[in-house]
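K.L.:
Before I ask anything, here is the structure I am working with.
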Amino acid sequence: MGYYQASFYSLLGLCAVLLASQPTRRNELNKLAESRKKVTRDDQHPEENWYKVYALVMGADWLQGPYLYSLYRDEHGLSERQVSSLFATGFLSSAISAYFIGALADKHGRKAVCMIFCLLYAMSCFFTVIPAVPLLFLGRILGGISTSILFSVFDSWMVTNFRERKLVEDGCDLSRTYATTSIVNSLAAIVSGVASEWLVAVTGSKKAPFLLSAGLLWWALQLIWAHWTENYGTKPKEPSDASKTYSVWSTLKRPSILALGFASTMFEGSMYLFVFFWTPTIKSVQKSAGELPYGYIFSSFMASSMAAALIFNIVMQKRPFKYSRLLVGILLAANFCFVKLAGPKTEDATFWLFCLFEACVGMYWPCMGYLKGRLVEDEARAKVYSILRIPLNIFVVVSLFLAGDSKRFNKVFSACSMLLTASFGVVWAAGLKDNMP
């Protein structure tokens, strides 16, 4: 067994131990019963259908990632310039559509927009496998719109559903929901990575993962249609456009929201740059003979992320400190990773620094999700979440344009460290001024 394989299985073992130590809804129900509160005891978890749908849509997303670039270059025969234009089109599409998508979801229903997502993303998959440049660009446009929905409207539906159904009285906890969602995402990534590699090996075509992705999206659409209830920002009967506009912009002007928006742009932007540059970085310091096992390396990253989410669940169950302080710690740890990656490094050190950064990602998602869930009002949640993603997409497009050659990763990592330094300072200051959770 090679070094990377052993590391992956060791990380999986750590995840198994942490999973066995997780706080559960059943334990919370027992506590509520002992305190003589009225609780609903039901063997079916009230958020089961959320986790099922989220696993399917994230699995569909992860299936495409490993082979998108290779499909464009190797099977479709596109030039490097065309591929870069396609990726930039996706990010620009996401940025431009973000504002309108949030507003539509809040007004016409988040369940409906999530169902539209399934259709749009499936269409994107079909256009991606057709070797015609206009259709490939159309696929990227649809993919960008879909990504904007995936990372704003789904989250908005979940938080509002949690509050409207008063799931805290049924033994649920929003912090634990976010942590479990992050765990589901990591598991979906690991399974999808293995499945996509197997599909390509069996079929001999890199189109197969995209077709399976479309199938998962159709399955998710059926579950949403059958099991989700609709929720809105402003109810359809309420003529409150002016008050809603005020709510959106007054929310966005608050120091805590501005700080979270800045931190999410810097951290998630650094994460996207990491996705683009980790392969050339680890290849540049390779000392081991032969081809690097990229599948095991990627799976190790996802296992690190899952382990961190499991730790988050255990630690934050008792609320030993504020979530805003934890976010500062996550940003500091991520900054440390990029500082070290920007300097001289060995192959082993590079691998474990990447794993540490992925652990930061695993804690970041539930922490940031919980903070936004607490600080943003349900009335305009999807719109606010979507607007907060606009600078992120612009940041990634500009960064890729300025970075240029993939061999300039040291300068990219150095820039990421400086931006993360600024972000944890902003979050710290906002926490002192605005009394963040």
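Here's how to read the names in the structure tokens: chain A, B, ... by the order shown, residue numbers from 1 in each chain, ligand numbers from 1 in the order shown.
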Excluding Met302 of chain A and any residue of its chain fewer than 5 positions from it, enumerate the residues within 7 Å of it, using only C-alpha atoms, and give them as a list of chain:residue names.
P.N.:
A:Ser186, A:Ala189, A:Ile190
K.L.:
When you look at Arg389 of chain A with a cut-off of 8 Å (counting only C-alpha atoms), what residues show up, excluding the ones that are within fewer than 5 positions of it in the same chain? I need them as number ranges by chain.
P.N.:
A: 95, 98, 148, 261, 265
K.L.:
Using only C-alpha atoms, which of A:Leu432, A:Ala226, A:Val133, A:Val361 sits nearest Ser79 of chain A?
P.N.:
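So, comparing all the options, the nearest one is A:Val133.
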K.L.:
With the cut-off set at 9 Å and counting only C-alpha atoms, tabulate each residue of segment 221-293 of chain A with an atom at most that distance from an atom of segment 407-412 of chain A, showing the nearest atom pair and its distance in Å to one decimal, ordered by chain and increasing number, as a tab-separated table.
P.N.:
```
residue	atom	partner	partner_atom	distance
A:Ser270	CA	A:Val412	CA	8.9
A:Leu273	CA	A:Val412	CA	7.9
A:Phe277	CA	A:Phe409	CA	6.2
A:Trp278	CA	A:Phe409	CA	8.5
A:Pro280	CA	A:Lys407	CA	6.9
A:Thr281	CA	A:Phe409	CA	6.7
A:Ser284	CA	A:Lys407	CA	8.7
```
K.L.:
Hey, can you check how far atom CA of Thr147 of chain A sits from atom CA of Ser97 of chain A?
P.N.:
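Value for the atom CA of Thr147 of chain A-atom CA of Ser97 of chain A distance: 10.0 Å.
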K.L.:
Which polymer residues have any atom within 12 Å of an atom of segment 198-200 of chain A, counting only C-alpha atoms, with same-chain residues fewer than 2 positions away left out, as a PyMOL selection string?
P.N.:
chain A and resi 63-64+66-67+70-71+191-196+202-213+295
K.L.:
Would you save the residues of that selection, restricted to C-alpha atoms, as a JSON list (two decimals), in the first residue's frame?
P.N.:
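The result, stored in again.json:
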```json
[["chain", "number", "residue", "atom", "x", "y", "z"],
["A", 63, "LEU", "CA", -19.38, 13.81, -10.53],
["A", 64, "GLN", "CA", -18.63, 16.49, -13.11],
["A", 66, "PRO", "CA", -12.82, 15.62, -12.07],
["A", 67, "TYR", "CA", -13.44, 15.29, -15.81],
["A", 70, "SER", "CA", -10.30, 16.72, -19.53],
["A", 71, "LEU", "CA", -13.55, 16.32, -21.48],
["A", 191, "VAL", "CA", -18.40, 8.42, -3.52],
["A", 192, "SER", "CA", -18.73, 10.55, -6.66],
["A", 193, "GLY", "CA", -14.97, 10.60, -7.19],
["A", 194, "VAL", "CA", -14.79, 6.81, -7.06],
["A", 195, "ALA", "CA", -17.93, 6.40, -9.20],
["A", 196, "SER", "CA", -16.75, 8.80, -11.91],
["A", 202, "VAL", "CA", -15.77, 0.96, -17.88],
["A", 203, "THR", "CA", -17.20, 3.08, -20.70],
["A", 204, "GLY", "CA", -13.96, 4.51, -22.02],
["A", 205, "SER", "CA", -15.63, 7.94, -22.28],
["A", 206, "LYS", "CA", -15.45, 10.98, -20.03],
["A", 207, "LYS", "CA", -19.05, 11.80, -20.95],
["A", 208, "ALA", "CA", -20.44, 9.04, -18.71],
["A", 209, "PRO", "CA", -20.19, 10.94, -15.36],
["A", 210, "PHE", "CA", -22.20, 13.83, -16.85],
["A", 211, "LEU", "CA", -24.98, 11.51, -17.96],
["A", 212, "LEU", "CA", -25.12, 9.90, -14.52],
["A", 213, "SER", "CA", -25.18, 13.41, -13.02],
["A", 295, "GLY", "CA", -7.90, 9.94, -6.84]]
```
K.L.:
What's around Ile297 of chain A at 7 Å? Count only C-alpha atoms, leave out sequence neighbours fewer than 4 positions away in its own chain, and write the answer as a PyMOL selection string.
P.N.:
chain A and resi 4+293+301
K.L.:
Which residue is closest to Ser264 of chain A? Choose from A:Trp225, A:Trp249, A:Phe298, A:Phe424 and count only C-alpha atoms.
P.N.:
A:Phe424
K.L.:
Restricting the calculation to only C-alpha atoms: of A:Cys172, A:Cys125, A:Ala342, A:Gln22, which residue gets closest to Gly65 of chain A?
P.N.:
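That would be A:Cys125, the residue with the smallest distance to Gly65 of chain A.
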K.L.:
Could you tell me which of A:Ala307, A:Leu19, A:Val328, A:Val285 comes closest to Ala349 of chain A if we count only C-alpha atoms?
P.N.:
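Checking each of A:Ala307, A:Leu19, A:Val328, A:Val285 against Ala349 of chain A, counting only C-alpha atoms, the winner is A:Val285.
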K.L.:
With distances taken over only C-alpha atoms, which of A:Asp155, A:Asp170, A:Glu358, A:Asp348 is nearest to Tyr385 of chain A?
P.N.:
A:Asp155
K.L.:
Select, from A:Ile311, A:Leu331, A:Ile257, A:Ser324, the residue with the minimum atom-to-atom distance to Val17 of chain A, counting only C-alpha atoms.
P.N.:
A:Ile311
K.L.:
Could you give me, as a list in words, the residues within 10 Å of Ile116 of chain A, counting only C-alpha atoms and dropping anything in the same chain fewer than 6 positions from it?
P.N.:
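Near Ile116 of chain A, the qualifying residues are Arg110, Ala122, Ser146, Ile149 and Leu221 of chain A.
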K.L.:
For segment 134-136 of chain A, find every residue with an atom within 10 Å (counting only C-alpha atoms), except residues of its own chain fewer than 4 positions away, and show them as a PDB file with N, CA, C and O atoms, in the first residue's frame.
P.N.:
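Saved as around28.pdb:
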```
ATOM      1  N   TYR A  72     -13.286  18.645 -22.107  1.00  0.00           N
ATOM      2  CA  TYR A  72     -13.108  19.746 -23.058  1.00  0.00           C
ATOM      3  C   TYR A  72     -11.839  19.575 -23.898  1.00  0.00           C
ATOM      4  O   TYR A  72     -11.862  19.721 -25.118  1.00  0.00           O
ATOM      5  N   HIS A  76     -13.256  16.687 -26.670  1.00  0.00           N
ATOM      6  CA  HIS A  76     -13.805  17.700 -27.577  1.00  0.00           C
ATOM      7  C   HIS A  76     -12.719  18.412 -28.376  1.00  0.00           C
ATOM      8  O   HIS A  76     -13.022  19.102 -29.362  1.00  0.00           O
ATOM      9  N   VAL A  83     -11.065  26.661 -23.406  1.00  0.00           N
ATOM     10  CA  VAL A  83     -11.425  26.083 -22.103  1.00  0.00           C
ATOM     11  C   VAL A  83     -11.471  27.163 -21.035  1.00  0.00           C
ATOM     12  O   VAL A  83     -12.405  27.221 -20.214  1.00  0.00           O
ATOM     13  N   LEU A  86     -14.580  29.128 -21.391  1.00  0.00           N
ATOM     14  CA  LEU A  86     -15.743  28.386 -20.911  1.00  0.00           C
ATOM     15  C   LEU A  86     -15.869  28.480 -19.388  1.00  0.00           C
ATOM     16  O   LEU A  86     -16.959  28.730 -18.853  1.00  0.00           O
ATOM     17  N   SER A 124     -27.537  21.446 -18.602  1.00  0.00           N
ATOM     18  CA  SER A 124     -26.111  21.797 -18.694  1.00  0.00           C
ATOM     19  C   SER A 124     -25.260  20.555 -18.939  1.00  0.00           C
ATOM     20  O   SER A 124     -24.320  20.576 -19.743  1.00  0.00           O
ATOM     21  N   CYS A 125     -25.599  19.464 -18.264  1.00  0.00           N
ATOM     22  CA  CYS A 125     -24.864  18.198 -18.447  1.00  0.00           C
ATOM     23  C   CYS A 125     -24.982  17.712 -19.891  1.00  0.00           C
ATOM     24  O   CYS A 125     -23.989  17.289 -20.496  1.00  0.00           O
ATOM     25  N   PHE A 126     -26.196  17.752 -20.434  1.00  0.00           N
ATOM     26  CA  PHE A 126     -26.404  17.275 -21.804  1.00  0.00           C
ATOM     27  C   PHE A 126     -25.662  18.139 -22.826  1.00  0.00           C
ATOM     28  O   PHE A 126     -25.060  17.634 -23.769  1.00  0.00           O
ATOM     29  N   PHE A 127     -25.694  19.464 -22.628  1.00  0.00           N
ATOM     30  CA  PHE A 127     -24.985  20.345 -23.554  1.00  0.00           C
ATOM     31  C   PHE A 127     -23.473  20.172 -23.448  1.00  0.00           C
ATOM     32  O   PHE A 127     -22.748  20.358 -24.427  1.00  0.00           O
ATOM     33  N   THR A 128     -23.001  19.808 -22.259  1.00  0.00           N
ATOM     34  CA  THR A 128     -21.557  19.653 -22.045  1.00  0.00           C
ATOM     35  C   THR A 128     -20.975  18.475 -22.817  1.00  0.00           C
ATOM     36  O   THR A 128     -19.799  18.494 -23.206  1.00  0.00           O
ATOM     37  N   VAL A 129     -21.772  17.443 -23.054  1.00  0.00           N
ATOM     38  CA  VAL A 129     -21.244  16.253 -23.736  1.00  0.00           C
ATOM     39  C   VAL A 129     -21.361  16.362 -25.263  1.00  0.00           C
ATOM     40  O   VAL A 129     -20.895  15.482 -25.982  1.00  0.00           O
ATOM     41  N   ILE A 130     -21.962  17.449 -25.751  1.00  0.00           N
ATOM     42  CA  ILE A 130     -22.090  17.641 -27.204  1.00  0.00           C
ATOM     43  C   ILE A 130     -20.932  18.498 -27.700  1.00  0.00           C
ATOM     44  O   ILE A 130     -20.765  19.640 -27.258  1.00  0.00           O
ATOM     45  N   ARG A 140     -22.257  26.033 -20.087  1.00  0.00           N
ATOM     46  CA  ARG A 140     -21.579  26.756 -19.011  1.00  0.00           C
ATOM     47  C   ARG A 140     -22.464  27.848 -18.434  1.00  0.00           C
ATOM     48  O   ARG A 140     -22.446  28.103 -17.224  1.00  0.00           O
ATOM     49  N   ILE A 141     -23.234  28.517 -19.282  1.00  0.00           N
ATOM     50  CA  ILE A 141     -24.152  29.547 -18.790  1.00  0.00           C
ATOM     51  C   ILE A 141     -25.185  28.921 -17.858  1.00  0.00           C
ATOM     52  O   ILE A 141     -25.436  29.417 -16.757  1.00  0.00           O
ATOM     53  N   LEU A 142     -25.774  27.811 -18.300  1.00  0.00           N
ATOM     54  CA  LEU A 142     -26.749  27.116 -17.455  1.00  0.00           C
ATOM     55  C   LEU A 142     -26.094  26.577 -16.185  1.00  0.00           C
ATOM     56  O   LEU A 142     -26.695  26.590 -15.107  1.00  0.00           O
TER      57      LEU A 142
END
```
K.L.:
Residues near Met58 of chain A, anyone? I mean within 10 Å using only C-alpha atoms, not counting same-chain ones fewer than 3 positions away, as a PyMOL selection string.
P.N.:
chain A and resi 53-55+61-63+150+184-189+192+213+216-217
K.L.:
May I have the selected residues written with C-alpha atoms, as an mmCIF file, in the first residue's frame?
P.N.:
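The new file out.cif reads:
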```cif
data_model
loop_
_atom_site.group_PDB
_atom_site.id
_atom_site.type_symbol
_atom_site.label_atom_id
_atom_site.label_comp_id
_atom_site.auth_asym_id
_atom_site.auth_seq_id
_atom_site.Cartn_x
_atom_site.Cartn_y
_atom_site.Cartn_z
ATOM 1 C CA VAL A 53 -31.843 15.737 -1.842
ATOM 2 C CA TYR A 54 -28.621 17.469 -0.817
ATOM 3 C CA ALA A 55 -26.628 14.247 -1.239
ATOM 4 C CA ASP A 61 -22.059 18.381 -8.915
ATOM 5 C CA TRP A 62 -19.010 16.391 -7.740
ATOM 6 C CA LEU A 63 -19.381 13.813 -10.529
ATOM 7 C CA LEU A 150 -27.278 25.501 -5.437
ATOM 8 C CA VAL A 184 -23.062 14.619 3.579
ATOM 9 C CA ASN A 185 -21.253 16.850 1.087
ATOM 10 C CA SER A 186 -17.890 15.224 1.883
ATOM 11 C CA LEU A 187 -19.335 11.722 1.582
ATOM 12 C CA ALA A 188 -20.963 12.646 -1.726
ATOM 13 C CA ALA A 189 -17.601 13.932 -2.981
ATOM 14 C CA SER A 192 -18.730 10.549 -6.663
ATOM 15 C CA SER A 213 -25.175 13.410 -13.016
ATOM 16 C CA LEU A 216 -29.205 12.028 -10.095
ATOM 17 C CA LEU A 217 -30.670 15.470 -10.721
#
```
